[in-house]
>>> print(open('data-v4.cif').read())   # mmCIF, C-alpha atoms
data_run
loop_
_atom_site.label_atom_id
_atom_site.label_comp_id
_atom_site.auth_asym_id
_atom_site.auth_seq_id
_atom_site.Cartn_x
_atom_site.Cartn_y
_atom_site.Cartn_z
CA MET M 19 0.00 0.00 0.00
CA ILE M 20 1.04 3.57 -0.58
CA ILE M 21 0.12 6.64 1.46
CA ASN M 22 0.20 10.03 -0.22
CA SER M 23 0.29 13.05 2.07
CA PRO M 24 1.39 16.67 2.02
CA VAL M 25 4.75 15.65 3.51
CA GLY M 26 5.41 12.94 0.95
CA ARG M 27 4.59 9.57 -0.53
CA PHE M 28 5.34 6.60 1.68
CA PRO M 29 5.07 2.82 1.56
CA PHE M 30 2.64 1.24 4.03
CA GLU M 31 3.36 -2.41 4.67
CA VAL M 32 0.49 -4.28 6.34
CA THR M 33 1.71 -6.84 8.88
CA GLY M 34 -1.59 -7.75 10.53
CA VAL M 35 -5.34 -7.34 10.38
CA GLY M 36 -7.71 -7.66 13.31
CA LEU M 37 -10.88 -6.47 15.02
CA VAL M 38 -10.31 -4.05 17.90
CA ASP M 39 -13.27 -2.53 19.78
CA GLY M 40 -15.54 -3.20 16.83
CA ARG M 41 -13.17 -1.61 14.35
CA ILE M 42 -11.15 -3.24 11.58
CA ARG M 43 -7.53 -2.49 12.37
CA LEU M 44 -4.67 -2.74 9.85
CA GLU M 45 -1.33 -2.98 11.64
CA GLY M 46 1.84 -2.19 9.77
CA ALA M 47 4.58 0.31 9.14
CA MET M 48 4.80 3.47 7.11
CA GLY M 49 8.46 3.28 6.26
CA THR M 50 10.10 2.87 9.65
CA TRP M 51 7.23 4.33 11.68
CA PRO M 52 4.80 1.86 13.30
CA THR M 53 1.40 2.73 11.86
CA SER M 54 -2.15 1.47 12.12
CA VAL M 55 -5.35 2.26 10.23
CA GLU M 56 -8.75 1.72 11.86
CA VAL M 57 -12.02 1.51 9.97
CA THR M 58 -15.37 1.65 11.77
CA PRO M 59 -18.34 -0.35 10.44
CA SER M 60 -20.24 2.86 9.71
CA GLU M 61 -17.47 3.90 7.30
CA LEU M 62 -17.61 0.72 5.23
CA PRO M 63 -20.73 1.62 3.17
CA ARG M 64 -19.21 5.00 2.33
CA ILE M 65 -15.94 3.34 1.28
CA ALA M 66 -17.82 0.76 -0.79
CA ALA M 67 -19.88 3.49 -2.42
CA ARG M 68 -16.69 5.25 -3.50
CA LEU M 69 -15.12 2.02 -4.74
CA VAL M 70 -18.10 0.78 -6.76
CA PRO M 71 -18.85 2.97 -9.79
CA ARG M 72 -22.41 4.32 -9.93
CA SER M 73 -23.17 2.45 -13.17
CA ALA M 74 -22.10 -0.83 -11.55
CA ALA M 75 -24.30 -0.08 -8.54
CA VAL M 76 -27.28 0.61 -10.82
CA GLY M 77 -26.57 -2.59 -12.74
CA ALA M 78 -26.38 -4.60 -9.53
CA ALA M 79 -29.67 -3.08 -8.36
CA VAL M 80 -31.37 -3.95 -11.68
CA LEU M 81 -30.03 -7.49 -11.59
CA GLY M 82 -31.08 -7.88 -7.95
CA SER M 83 -34.59 -6.62 -8.71
CA ALA M 84 -34.87 -8.92 -11.73
CA ALA M 85 -33.73 -11.89 -9.66
CA ALA M 86 -36.27 -11.05 -6.92
CA LEU M 87 -39.09 -10.74 -9.48
CA ALA M 88 -38.10 -14.03 -11.11
CA LEU M 89 -38.02 -15.75 -7.73
CA ALA M 90 -41.44 -14.34 -6.82
CA ALA M 91 -42.91 -15.42 -10.17
CA ARG M 92 -41.49 -18.92 -9.71
CA ARG M 93 -43.07 -19.21 -6.24
CA ARG M 94 -46.43 -18.03 -7.61
CA SER M 95 -46.32 -20.60 -10.40
CA ARG M 96 -45.48 -23.39 -7.90
CA ARG M 97 -48.41 -22.38 -5.68
CA ALA M 98 -50.72 -22.37 -8.69
CA ALA M 99 -49.54 -25.85 -9.61
CA MET E 28 21.91 13.88 7.07
CA GLY E 29 19.11 13.72 4.51
CA ALA E 30 18.20 10.63 2.51
CA GLY E 31 17.18 12.25 -0.73
CA LEU E 32 19.16 11.48 -3.85
CA ALA E 33 22.06 13.71 -2.74
CA GLY E 34 22.34 12.13 0.70
CA LEU E 35 22.05 8.59 -0.66
CA ALA E 36 24.71 9.22 -3.32
CA ALA E 37 27.05 10.86 -0.80
CA ALA E 38 26.58 8.01 1.69
CA LEU E 39 27.28 5.40 -0.97
CA GLU E 40 30.39 7.23 -2.15
CA LEU E 41 31.74 7.48 1.40
CA ALA E 42 30.82 3.94 2.42
CA ALA E 43 33.82 2.49 0.63
CA HIS E 44 36.14 4.52 2.87
CA ALA E 45 34.34 4.99 6.18
CA GLU E 46 31.58 3.81 8.46
CA VAL E 47 28.49 5.75 7.36
CA GLU E 48 25.11 6.32 8.99
CA LEU E 49 22.42 8.07 6.93
CA VAL E 50 19.80 9.93 8.98
CA GLU E 51 16.44 11.04 7.58
CA ARG E 52 13.57 12.83 9.36
CA LEU E 53 10.90 11.15 7.21
CA PRO E 54 10.16 7.43 7.63
CA ALA E 55 11.42 6.46 4.18
CA ALA E 56 14.29 7.49 1.93
CA GLY E 57 13.75 9.60 -1.17
CA GLY E 58 13.18 13.15 0.06
CA SER E 59 11.48 15.30 -2.55
CA TRP E 60 12.14 12.58 -5.15
CA GLN E 61 9.88 10.14 -3.22
CA PHE E 62 10.65 6.59 -2.09
CA ASP E 63 9.58 4.85 -5.30
CA HIS E 64 11.65 6.87 -7.77
CA PRO E 65 13.81 4.32 -9.65
CA ALA E 66 17.02 6.21 -8.85
CA VAL E 67 16.10 6.28 -5.15
CA ARG E 68 15.30 2.56 -5.06
CA ASP E 69 18.59 1.80 -6.81
CA LEU E 70 20.65 3.91 -4.40
CA VAL E 71 18.87 2.56 -1.30
CA GLY E 72 19.67 -0.99 -2.41
CA ARG E 73 23.29 -0.12 -3.12
CA CYS E 74 23.67 1.72 0.22
CA ASP E 75 22.23 -1.30 1.99
CA ARG E 76 24.68 -3.65 0.28
CA ALA E 77 27.57 -1.26 0.97
CA GLY E 78 26.84 -1.36 4.71
CA VAL E 79 25.39 2.13 5.12
CA ARG E 80 23.31 2.27 8.30
CA LEU E 81 19.95 3.76 7.29
CA THR E 82 18.24 5.54 10.20
CA MET E 83 14.87 6.76 8.96
CA GLY E 84 12.16 8.69 10.79
CA VAL E 85 14.36 10.65 13.20
CA THR E 86 15.21 14.35 13.08
CA ALA E 87 18.73 15.67 13.53
CA LEU E 88 18.50 18.75 15.73
CA ARG E 89 21.98 19.69 16.86
CA TRP E 90 25.61 19.14 15.82
CA ILE E 91 28.04 20.00 18.57
CA GLU E 92 31.56 18.74 19.37
CA ARG E 93 31.24 16.05 16.72
CA ARG E 94 28.04 14.65 18.14
CA LEU E 95 24.66 14.70 16.40
CA LEU E 96 21.44 14.88 18.44
CA LEU E 97 18.64 12.72 17.00
CA ILE E 98 15.00 13.00 18.04
CA GLY E 99 12.21 10.73 16.83
CA PRO E 100 9.13 8.85 17.99
CA GLY E 101 10.37 7.25 21.22
CA THR E 102 13.97 8.12 20.41
CA ARG E 103 16.46 10.61 21.79
CA ALA E 104 20.05 9.78 21.04
CA TRP E 105 23.45 11.31 20.41
CA ARG E 106 25.62 9.91 17.61
CA GLU E 107 29.35 10.47 17.64
CA ALA E 108 30.87 11.15 14.23
CA ASP E 109 34.03 12.63 12.74
CA HIS E 110 32.17 14.51 10.06
CA LEU E 111 28.64 15.65 9.20
CA VAL E 112 27.58 15.58 5.57
CA PHE E 113 24.49 17.74 5.32
CA ALA E 114 22.12 16.98 2.45
CA GLY E 115 19.03 18.79 3.70
CA GLY E 116 17.62 19.94 0.37
CA THR E 117 16.81 23.40 -0.91
CA ARG E 118 14.05 26.01 -0.63
CA PRO E 119 13.08 29.19 -2.48
CA ALA E 120 14.57 32.49 -1.34
CA THR E 121 12.69 34.43 1.33
CA PRO E 122 11.54 38.07 0.79
CA ALA E 123 14.56 39.28 2.79
CA GLU E 124 16.95 37.25 0.64
CA LEU E 125 15.56 38.41 -2.74
CA PRO E 126 15.29 41.28 -1.49
CA LEU E 127 11.58 42.10 -1.73
CA PHE E 128 10.60 45.35 -0.05
CA GLY E 129 7.23 46.71 1.03
CA ALA E 130 4.60 46.11 3.66
CA ARG E 131 4.23 42.73 5.37
CA VAL E 132 0.80 42.00 3.94
CA ALA E 133 -1.28 38.86 3.64
CA GLY E 134 -1.14 36.84 0.45
CA VAL E 135 2.63 36.40 0.10
CA PHE E 136 3.63 32.73 0.26
CA ALA E 137 6.81 30.71 -0.04
CA GLY E 138 6.49 28.30 -2.96
CA THR E 139 6.75 25.35 -0.57
CA VAL E 140 3.80 26.60 1.52
CA ALA E 141 1.74 27.62 -1.51
CA HIS E 142 2.09 24.16 -2.99
CA HIS E 143 0.89 22.42 0.16
CA LEU E 144 -2.08 24.78 0.53
CA MET E 145 -3.05 24.32 -3.13
CA GLU E 146 -2.82 20.56 -2.74
CA ALA E 147 -5.39 20.92 0.05
CA HIS E 148 -7.59 22.89 -2.42
CA ILE E 149 -7.22 26.13 -0.50
CA ALA E 150 -7.72 29.09 -2.83
CA LEU E 151 -4.80 31.49 -2.46
CA GLY E 152 -6.19 34.19 -4.72
CA ARG E 153 -7.73 35.05 -8.08
CA HIS E 154 -4.61 36.57 -9.61
CA LEU E 155 -1.41 34.77 -8.71
CA ALA E 156 2.02 36.26 -9.37
CA VAL E 157 4.54 33.40 -9.34
CA CYS E 158 8.13 34.58 -8.97
CA GLY E 159 10.68 32.29 -10.58
CA SER E 160 10.65 29.15 -12.65
CA GLY E 161 11.80 25.64 -11.95
CA TYR E 162 10.90 22.98 -9.43
CA TRP E 163 8.65 24.87 -6.98
CA ALA E 164 7.13 27.09 -9.66
CA ASP E 165 6.24 24.01 -11.71
CA LEU E 166 4.53 22.41 -8.70
CA VAL E 167 2.54 25.57 -7.99
CA LEU E 168 1.53 25.99 -11.65
CA ALA E 169 0.36 22.38 -11.77
CA GLU E 170 -1.92 22.97 -8.76
CA ALA E 171 -3.14 26.46 -9.74
CA PRO E 172 -6.93 26.43 -10.13
CA SER E 173 -8.30 27.00 -13.62
CA HIS E 174 -10.18 30.16 -12.58
CA ALA E 175 -7.00 31.86 -11.33
CA ARG E 176 -5.08 34.24 -13.59
CA VAL E 177 -1.38 33.40 -13.30
CA THR E 178 1.50 35.74 -14.07
CA VAL E 179 5.07 34.43 -13.94
CA VAL E 180 7.87 36.85 -13.07
CA GLY E 181 11.52 36.11 -13.87
CA GLY E 182 13.06 32.81 -14.87
CA ASP E 183 12.24 31.19 -18.15
CA VAL E 184 8.93 31.54 -19.95
CA PRO E 185 6.97 28.52 -18.69
CA ALA E 186 5.22 26.21 -21.12
CA SER E 187 2.21 25.79 -18.85
CA PRO E 188 -1.13 26.71 -20.49
CA ARG E 189 -2.24 28.12 -17.12
CA VAL E 190 0.12 31.07 -17.44
CA ALA E 191 -1.70 34.19 -18.68
CA ALA E 192 1.36 36.45 -18.74
CA ALA E 193 5.10 36.10 -18.27
CA TRP E 194 7.80 38.66 -17.52
CA PRO E 195 11.13 36.85 -18.10
CA GLY E 196 14.19 38.72 -16.94
CA TYR E 197 12.25 40.77 -14.40
CA ALA E 198 12.81 40.55 -10.64
CA PRO E 199 10.22 41.21 -7.92
CA VAL E 200 11.26 44.25 -5.90
CA GLU E 201 8.29 45.49 -3.89
CA VAL E 202 4.96 44.31 -2.52
CA ARG E 203 2.17 46.88 -2.27
CA GLY E 204 -1.12 46.60 -0.45
CA ARG E 205 -2.98 47.60 2.67
CA ASP E 206 -3.96 44.40 4.47
CA ARG E 207 -3.54 42.07 1.53
CA VAL E 208 -1.17 42.25 -1.39
CA GLU E 209 -2.65 44.34 -4.21
CA GLN E 210 0.34 44.88 -6.47
CA LEU E 211 3.76 43.41 -7.10
CA VAL E 212 6.36 45.79 -8.47
CA ILE E 213 8.85 44.13 -10.80
CA GLU E 214 11.98 45.55 -12.36
CA ARG E 215 14.42 44.92 -15.20
CA ASP E 216 17.34 47.13 -16.20
CA GLY E 217 16.00 49.95 -14.06
CA HIS E 218 12.52 49.80 -15.63
CA ALA E 219 9.79 49.11 -13.07
CA ARG E 220 6.17 48.13 -13.59
CA ALA E 221 3.39 47.17 -11.23
CA ILE E 222 1.34 43.98 -11.64
CA ASP E 223 -2.11 43.76 -10.08
CA CYS E 224 -2.40 40.58 -8.02
CA ASP E 225 -3.88 39.28 -4.78
CA CYS E 226 -1.31 36.55 -4.20
CA VAL E 227 2.47 36.38 -4.61
CA VAL E 228 4.24 33.03 -4.64
CA LEU E 229 8.00 33.13 -4.08
CA ALA E 230 9.54 30.23 -6.00
CA ALA E 231 12.78 31.79 -7.22
CA ASP E 232 16.44 31.52 -6.39
CA GLN E 233 16.93 28.19 -4.64
CA ARG E 234 18.77 28.35 -1.33
CA PRO E 235 20.14 25.55 0.85
CA ILE E 236 18.01 24.53 3.83
CA ARG E 237 20.03 24.86 7.05
CA ASN E 238 18.06 23.68 10.05
CA VAL E 239 20.51 21.84 12.31
CA ASP E 240 21.82 23.93 15.18
CA GLY E 241 25.61 23.98 15.00
CA ALA E 242 25.64 23.24 11.26
CA ILE E 243 24.08 26.43 9.94
CA THR E 244 27.31 27.84 8.56
CA ALA E 245 30.36 26.09 7.18
CA THR E 246 32.78 24.57 9.67
CA PRO E 247 35.70 22.18 9.07
CA ASP E 248 33.67 19.18 10.25
CA VAL E 249 30.58 19.86 8.11
CA THR E 250 30.20 19.39 4.36
CA TYR E 251 27.10 20.59 2.54
CA VAL E 252 25.70 18.59 -0.37
CA GLN E 253 22.97 20.88 -1.64
CA LEU E 254 22.79 21.61 -5.35
CA CYS E 255 20.95 24.92 -5.74
CA ALA E 256 19.46 25.08 -9.23
CA ASP E 257 16.00 25.89 -10.55
CA THR E 258 15.86 22.67 -12.54
CA LEU E 259 17.32 19.50 -11.10
CA THR E 260 17.80 16.09 -12.71
CA PRO E 261 18.64 12.92 -10.77
CA ASP E 262 21.98 12.61 -12.59
CA ALA E 263 22.93 16.20 -11.77
CA VAL E 264 22.10 15.74 -8.09
CA VAL E 265 24.03 12.46 -7.83
CA ASP E 266 27.06 13.76 -9.73
CA HIS E 267 27.18 16.89 -7.56
CA ALA E 268 26.97 14.83 -4.37
CA ILE E 269 29.76 12.47 -5.42
CA ALA E 270 32.01 15.34 -6.47
CA THR E 271 31.33 17.25 -3.24
CA VAL E 272 32.26 14.41 -0.87
CA ALA E 273 35.14 13.09 -2.96
CA GLY E 274 37.60 15.20 -0.98
CA LEU E 275 36.58 13.58 2.31
CA HIS E 276 37.96 10.15 1.45
CA GLY E 277 41.32 10.59 3.07
CA ARG E 278 40.00 11.70 6.43
CA ASN E 279 38.79 8.36 7.87
CA SER E 280 35.48 10.10 8.38
CA THR E 281 32.34 8.62 9.84
#
>>> encode(input="data-v4.cif", output="C-alpha cells")
Amino acid sequence: MIINSPVGRFPFEVTGVGLVDGRIRLEGAMGTWPTSVEVTPSELPRIAARLVPRSAAVGAAVLGSAAALALAARRRSRRAA
Amino acid sequence: MGAGLAGLAAALELAAHAEVELVERLPAAGGSWQFDHPAVRDLVGRCDRAGVRLTMGVTALRWIERRLLLIGPGTRAWREADHLVFAGGTRPATPAELPLFGARVAGVFAGTVAHHLMEAHIALGRHLAVCGSGYWADLVLAEAPSHARVTVVGGDVPASPRVAAAWPGYAPVEVRGRDRVEQLVIERDGHARAIDCDCVVLAADQRPIRNVDGAITATPDVTYVQLCADTLTPDAVVDHAIATVAGLHGRNST
C-alpha cells in the first residue's frame, strides 16, 4: 500500500489485520514508523460506495430486482400448480 | 543527514572509505524525489549492500563537538561522528533574501507553503504572481486552479497553459497593499512596472536549507551537499553529491 500526504509519498506495509473494539484495524509500518489504520463499520458503506462505480451499482440493483421478481414469479407458479 | 538522492549518493560514495550512517527525518528514503523513484530505489539498495546504516524517521537537531542529536518517535540519542555531511535539500529564497521590499501583507507565500495549501484545495487568490521558474514554480503551476489568472515573473517563460502572462528577466522588488497584497512591483534594467495581483508566490532563487543547530554555517567538520538550481535532474544531483564528498575520502570520516 502507498500513502500520499502533504509531507510525501510513503510505503505502508500491512503486517496484521484484526478487530479491535468493533473496528477493523490494519497494523503495519509506514516506512520505519509503526502505523495502524482503523475503519469503523459505519465507514464501510461509504468506502464501498466510493469504490463501486455508480453504473455498476445501478446494474447490480437492476439485476437484484430482476432476480427477486423471477423468484417471486417462480413461487407463484409453484403455488398455482 | 538527509536521505534524498544527494544524501544517498554521498553516503554510498563514502561507504567504501568509512563507516556511514544516513539519517532522515521522514520514515522512508527519497526526500522530494519520493521513495519509489527508480534512482532512489537503486541507491537505497546499493547503500544497503555497501553497509550504510539507514536511520529513517528521526530528526537531527543539533551538531556539537562532533556529536549529532537525533529525536524521533520514542527516540532521543546522540551519535558520535568525525564529520557531518548535510544533504538537507533546498528552498526558495525568502523576501529578505531576494530582497523584496514593502509592507508585510497577507497573500505572500513561499512556494513550498503555496504548494501544500493548493494541494489541500485552498484558494490562495484570483490573480497569482509566481516569482521564478523551476521545481517549486512548476509544482505551484500544476496545482493552480483554472479560474486563477497566473503571471510568472523572472526565470524562463513557462510552457504551462495556465500562465496568462510572463515577464522573463524581471525581478520582484516590492509588494504593495494595505492588508492584503494588491500589487507586485517588478523591475528589469531599471525599468519598473506594477502587476495587479492578490497573491504572490515566491519560488525563485533556490537556497540551501540549514536547520541543524551547530551546522548552519560552514565549519571544518561539516560538508554541505545541496545543489541549488532551478531545474534538477537525478543525474545532476548524484554527480554533484559524489564530487562534493570526494575530498573527504582521506580523512577516515564517519
>>> closest_residue(input="data-v4.cif", among="M:Met19, M:Ala88, M:Val25, M:Val57", to="chain E", atoms="all atoms listed in the file")
M:Val25
>>> resolve_selection(input="data-v4.cif", expression="the PyMOL selection byres ((chain E) within 6 of (chain M))", output="NGL selection string")
:E and (54-55 or 61)
>>> atom_distance(input="data-v4.cif", atom1="CA of Leu155 (chain E)", atom2="CA of Leu259 (chain E)")
24.3 Å
>>> residues_around(input="data-v4.cif", residues="Ile213 (chain E)", least_positions_apart="3", cutoff="7 Å", atoms="only C-alpha atoms", output="CSV table (one decimal) with C-alpha atoms, in the coordinates of the input")
chain,number,residue,atom,x,y,z
E,197,TYR,CA,12.2,40.8,-14.4
E,198,ALA,CA,12.8,40.6,-10.6
E,199,PRO,CA,10.2,41.2,-7.9
E,200,VAL,CA,11.3,44.2,-5.9
E,219,ALA,CA,9.8,49.1,-13.1
E,220,ARG,CA,6.2,48.1,-13.6
E,221,ALA,CA,3.4,47.2,-11.2
>>> residues_around(input="data-v4.cif", residues="region 120-123 of chain E", least_positions_apart="5", cutoff="7 Å", atoms="only C-alpha atoms", output="number ranges by chain")
E: 231-234
>>> closest_residue(input="data-v4.cif", among="M:Asn22, M:Ser95, M:Ser60, M:Ser54", to="Val35 (chain M)", atoms="only C-alpha atoms")
M:Ser54
>>> decode(input="data-v4.cif", residues="region 36-57 of chain E", atoms="N, CA, C and O atoms", output="PDB file, in the first residue's frame")
ATOM      1  N   ALA E  36      23.513   9.316  -2.469  1.00  0.00           N
ATOM      2  CA  ALA E  36      24.711   9.222  -3.324  1.00  0.00           C
ATOM      3  C   ALA E  36      25.965   9.522  -2.513  1.00  0.00           C
ATOM      4  O   ALA E  36      26.995   8.846  -2.676  1.00  0.00           O
ATOM      5  N   ALA E  37      25.889  10.527  -1.629  1.00  0.00           N
ATOM      6  CA  ALA E  37      27.053  10.864  -0.799  1.00  0.00           C
ATOM      7  C   ALA E  37      27.389   9.709   0.141  1.00  0.00           C
ATOM      8  O   ALA E  37      28.561   9.352   0.314  1.00  0.00           O
ATOM      9  N   ALA E  38      26.352   9.129   0.749  1.00  0.00           N
ATOM     10  CA  ALA E  38      26.581   8.012   1.685  1.00  0.00           C
ATOM     11  C   ALA E  38      27.223   6.834   0.970  1.00  0.00           C
ATOM     12  O   ALA E  38      28.160   6.206   1.484  1.00  0.00           O
ATOM     13  N   LEU E  39      26.734   6.531  -0.214  1.00  0.00           N
ATOM     14  CA  LEU E  39      27.285   5.403  -0.975  1.00  0.00           C
ATOM     15  C   LEU E  39      28.744   5.661  -1.349  1.00  0.00           C
ATOM     16  O   LEU E  39      29.594   4.774  -1.243  1.00  0.00           O
ATOM     17  N   GLU E  40      29.022   6.879  -1.757  1.00  0.00           N
ATOM     18  CA  GLU E  40      30.386   7.232  -2.145  1.00  0.00           C
ATOM     19  C   GLU E  40      31.340   7.094  -0.960  1.00  0.00           C
ATOM     20  O   GLU E  40      32.457   6.602  -1.097  1.00  0.00           O
ATOM     21  N   LEU E  41      30.874   7.505   0.226  1.00  0.00           N
ATOM     22  CA  LEU E  41      31.745   7.479   1.398  1.00  0.00           C
ATOM     23  C   LEU E  41      31.852   6.098   2.029  1.00  0.00           C
ATOM     24  O   LEU E  41      32.798   5.819   2.766  1.00  0.00           O
ATOM     25  N   ALA E  42      30.870   5.238   1.751  1.00  0.00           N
ATOM     26  CA  ALA E  42      30.822   3.939   2.425  1.00  0.00           C
ATOM     27  C   ALA E  42      32.022   3.061   2.110  1.00  0.00           C
ATOM     28  O   ALA E  42      32.371   2.174   2.895  1.00  0.00           O
ATOM     29  N   ALA E  43      32.654   3.305   0.983  1.00  0.00           N
ATOM     30  CA  ALA E  43      33.825   2.493   0.632  1.00  0.00           C
ATOM     31  C   ALA E  43      35.034   2.873   1.477  1.00  0.00           C
ATOM     32  O   ALA E  43      36.021   2.133   1.518  1.00  0.00           O
ATOM     33  N   HIS E  44      34.963   4.015   2.136  1.00  0.00           N
ATOM     34  CA  HIS E  44      36.138   4.517   2.865  1.00  0.00           C
ATOM     35  C   HIS E  44      35.895   4.709   4.354  1.00  0.00           C
ATOM     36  O   HIS E  44      36.834   4.939   5.105  1.00  0.00           O
ATOM     37  N   ALA E  45      34.630   4.676   4.780  1.00  0.00           N
ATOM     38  CA  ALA E  45      34.340   4.993   6.179  1.00  0.00           C
ATOM     39  C   ALA E  45      33.063   4.301   6.625  1.00  0.00           C
ATOM     40  O   ALA E  45      32.289   3.798   5.801  1.00  0.00           O
ATOM     41  N   GLU E  46      32.853   4.302   7.920  1.00  0.00           N
ATOM     42  CA  GLU E  46      31.583   3.811   8.463  1.00  0.00           C
ATOM     43  C   GLU E  46      30.572   4.955   8.328  1.00  0.00           C
ATOM     44  O   GLU E  46      30.837   6.070   8.788  1.00  0.00           O
ATOM     45  N   VAL E  47      29.436   4.682   7.684  1.00  0.00           N
ATOM     46  CA  VAL E  47      28.485   5.755   7.356  1.00  0.00           C
ATOM     47  C   VAL E  47      27.104   5.428   7.906  1.00  0.00           C
ATOM     48  O   VAL E  47      26.594   4.315   7.742  1.00  0.00           O
ATOM     49  N   GLU E  48      26.509   6.417   8.590  1.00  0.00           N
ATOM     50  CA  GLU E  48      25.109   6.322   8.992  1.00  0.00           C
ATOM     51  C   GLU E  48      24.348   7.440   8.285  1.00  0.00           C
ATOM     52  O   GLU E  48      24.769   8.596   8.299  1.00  0.00           O
ATOM     53  N   LEU E  49      23.235   7.091   7.658  1.00  0.00           N
ATOM     54  CA  LEU E  49      22.420   8.072   6.932  1.00  0.00           C
ATOM     55  C   LEU E  49      21.142   8.314   7.724  1.00  0.00           C
ATOM     56  O   LEU E  49      20.364   7.390   7.967  1.00  0.00           O
ATOM     57  N   VAL E  50      20.927   9.565   8.124  1.00  0.00           N
ATOM     58  CA  VAL E  50      19.797   9.930   8.977  1.00  0.00           C
ATOM     59  C   VAL E  50      18.777  10.717   8.164  1.00  0.00           C
ATOM     60  O   VAL E  50      19.146  11.618   7.402  1.00  0.00           O
ATOM     61  N   GLU E  51      17.505  10.376   8.336  1.00  0.00           N
ATOM     62  CA  GLU E  51      16.441  11.039   7.579  1.00  0.00           C
ATOM     63  C   GLU E  51      15.257  11.281   8.506  1.00  0.00           C
ATOM     64  O   GLU E  51      14.852  10.403   9.259  1.00  0.00           O
ATOM     65  N   ARG E  52      14.676  12.505   8.438  1.00  0.00           N
ATOM     66  CA  ARG E  52      13.565  12.832   9.356  1.00  0.00           C
ATOM     67  C   ARG E  52      12.269  12.136   8.944  1.00  0.00           C
ATOM     68  O   ARG E  52      11.415  11.866   9.778  1.00  0.00           O
ATOM     69  N   LEU E  53      12.112  11.838   7.664  1.00  0.00           N
ATOM     70  CA  LEU E  53      10.903  11.148   7.208  1.00  0.00           C
ATOM     71  C   LEU E  53      11.104   9.636   7.333  1.00  0.00           C
ATOM     72  O   LEU E  53      12.234   9.164   7.407  1.00  0.00           O
ATOM     73  N   PRO E  54      10.014   8.868   7.344  1.00  0.00           N
ATOM     74  CA  PRO E  54      10.162   7.429   7.634  1.00  0.00           C
ATOM     75  C   PRO E  54      10.647   6.588   6.450  1.00  0.00           C
ATOM     76  O   PRO E  54      10.764   5.374   6.578  1.00  0.00           O
ATOM     77  N   ALA E  55      10.908   7.211   5.338  1.00  0.00           N
ATOM     78  CA  ALA E  55      11.415   6.464   4.183  1.00  0.00           C
ATOM     79  C   ALA E  55      12.389   7.349   3.420  1.00  0.00           C
ATOM     80  O   ALA E  55      12.298   8.581   3.467  1.00  0.00           O
ATOM     81  N   ALA E  56      13.309   6.731   2.705  1.00  0.00           N
ATOM     82  CA  ALA E  56      14.290   7.491   1.927  1.00  0.00           C
ATOM     83  C   ALA E  56      13.617   8.080   0.682  1.00  0.00           C
ATOM     84  O   ALA E  56      12.525   7.666   0.298  1.00  0.00           O
ATOM     85  N   GLY E  57      14.266   9.044   0.085  1.00  0.00           N
ATOM     86  CA  GLY E  57      13.753   9.598  -1.172  1.00  0.00           C
ATOM     87  C   GLY E  57      13.663  11.106  -1.170  1.00  0.00           C
ATOM     88  O   GLY E  57      13.860  11.740  -2.209  1.00  0.00           O
TER      89      GLY E  57
END
